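Report on the structure given below.
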Amino acid sequence: MPCMEPGGTRNSLSQLRRGAVEYCVLALLRGGERYGFELVRKLSEVDGLVTSEGTIYPLLTRLRRDRLVTTFWRESETGPPRRYYQLTDGGREALAGFTEEWARFRNGVDGLLMEEGTR
Amino acid sequence: MTIVHTDKLVRDYLRRLERAAAPLAPSRRAELVAEIREHIDDALLTAGAADEVAVRNVLERLGPPEEIAAAAGPSQRRSGRLELAAMIALAVPFVGWLVGVVLVAASRAWTGREKVVGIAICLVPVFIAGLGFVAVGAESSAEVGVPVGTAPGTLPEEHGGGGDGGLGPIELVVVLGTFLGGPLGAVYLGSRLRRTAAAGELASA
């Protein structure tokens, strides 16, 4: 009963989102390096994924600290040098693992959520 | 007709972020602020405009600075019994100070700077009071009446009628310093805790 309030739902959704976003970052890096702003804008194009763009930056720092991505600086034509993010082998592995788990998780949850009234 | 300086909007936003990120290590905080600043520049460049509407939209999409700072660290500043005990101890002269200083140092709820300021508030008045004691002692032992002019600059006020048993200005300073410093320091540290707690609640809302 206590966690059935809308607040609880919102909270668990935001936790789900938080957990998934970091793998979405890794997925975006599969095709090659990208810089922070680029990543943020790509992510926020996905409906319902990112509520505050600014929170992606701390997440990028965490990914780097966990050695799932590496960073390097590169000149840009428009302004100061930019920090680029690149997938590490560890990041690639983590992404592959999550992709598999996520499919199982999603199918399982979908199965339960959609089976209305059947017994 | 008012002109809103968009620079000021950005500056205020970054300042809020800096304040909210105070619990982070200085290098991480600086990095976070730099990243957000770059993001704002990039976003305005992409938008092809830097008027008030464009700036407000970019900041809106970034989200509240408090939320960004909260995402940067599982708040290490959660305060609990340790902090309460530290503040109570600081308010008790002598033994309490020792315990309080140790507890404050052990706590992760305050930043290094807050710890230094808090402890300084507690102990500086005591230190001054101590010097006062020394001055009184020197005077009464010199007794000749010529004040040993070396009451080291900390008490430029009159040297009171030291040595004759009454509660002169120096004794007053000693007593006030001893009993007020601790509570004042504790109040300061407490106010810092409440402030961070408020910021944290805002961020997790």
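In the structure tokens, the first chain shown is A, the next is B, and so on; residue numbers restart at 1 for each chain, and ligands run from 1 in the order shown.
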
Proximal residues of chain A relative to chain B (only C-alpha atoms; 12 Å) as a PyMOL selection string: chain A and resi 7-8+10-11+14-15+18+35-41+44-45+50-63+65+76+78-84

Filtered DSSP result for stretch 73-105 of chain A, state strand (DSSP E), as a ChimeraX atom specification: /A:73-74,82-87

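You will find atom CA of A:Val25 at 16.7 Å from atom CA of A:Glu101.
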
Selection near A:Ala27, 10 Å with only C-alpha atoms, sequence-local residues under 6 positions removed, as a ChimeraX atom specification: /A:21,87,91-92,95-96,99

Would you put the residues from that selection into a file with C-alpha atoms, as a PDB file, in the first residue's frame?
```pdb
ATOM      1  CA  VAL A  21      20.564   5.899 -19.325  1.00  0.00           C
ATOM      2  CA  LEU A  87      34.026   3.020 -25.388  1.00  0.00           C
ATOM      3  CA  GLY A  91      32.377  -0.776 -21.656  1.00  0.00           C
ATOM      4  CA  ARG A  92      31.661  -2.911 -24.678  1.00  0.00           C
ATOM      5  CA  LEU A  95      26.898  -3.073 -22.830  1.00  0.00           C
ATOM      6  CA  ALA A  96      26.630  -6.558 -24.304  1.00  0.00           C
ATOM      7  CA  THR A  99      21.592  -5.714 -23.763  1.00  0.00           C
TER       8      THR A  99
END
```

B:Leu98 surroundings by only C-alpha atoms, 10 Å radius, close-in-sequence under 6 positions cut, as a list of chain:residue names: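 In the requested format, the answer is B:Ala86, B:Ala89, B:Leu90, B:Val92.
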
All alpha helix (DSSP H) positions in chain A, as a ChimeraX atom specification: /A:6-28,36-45,56-65,89-114
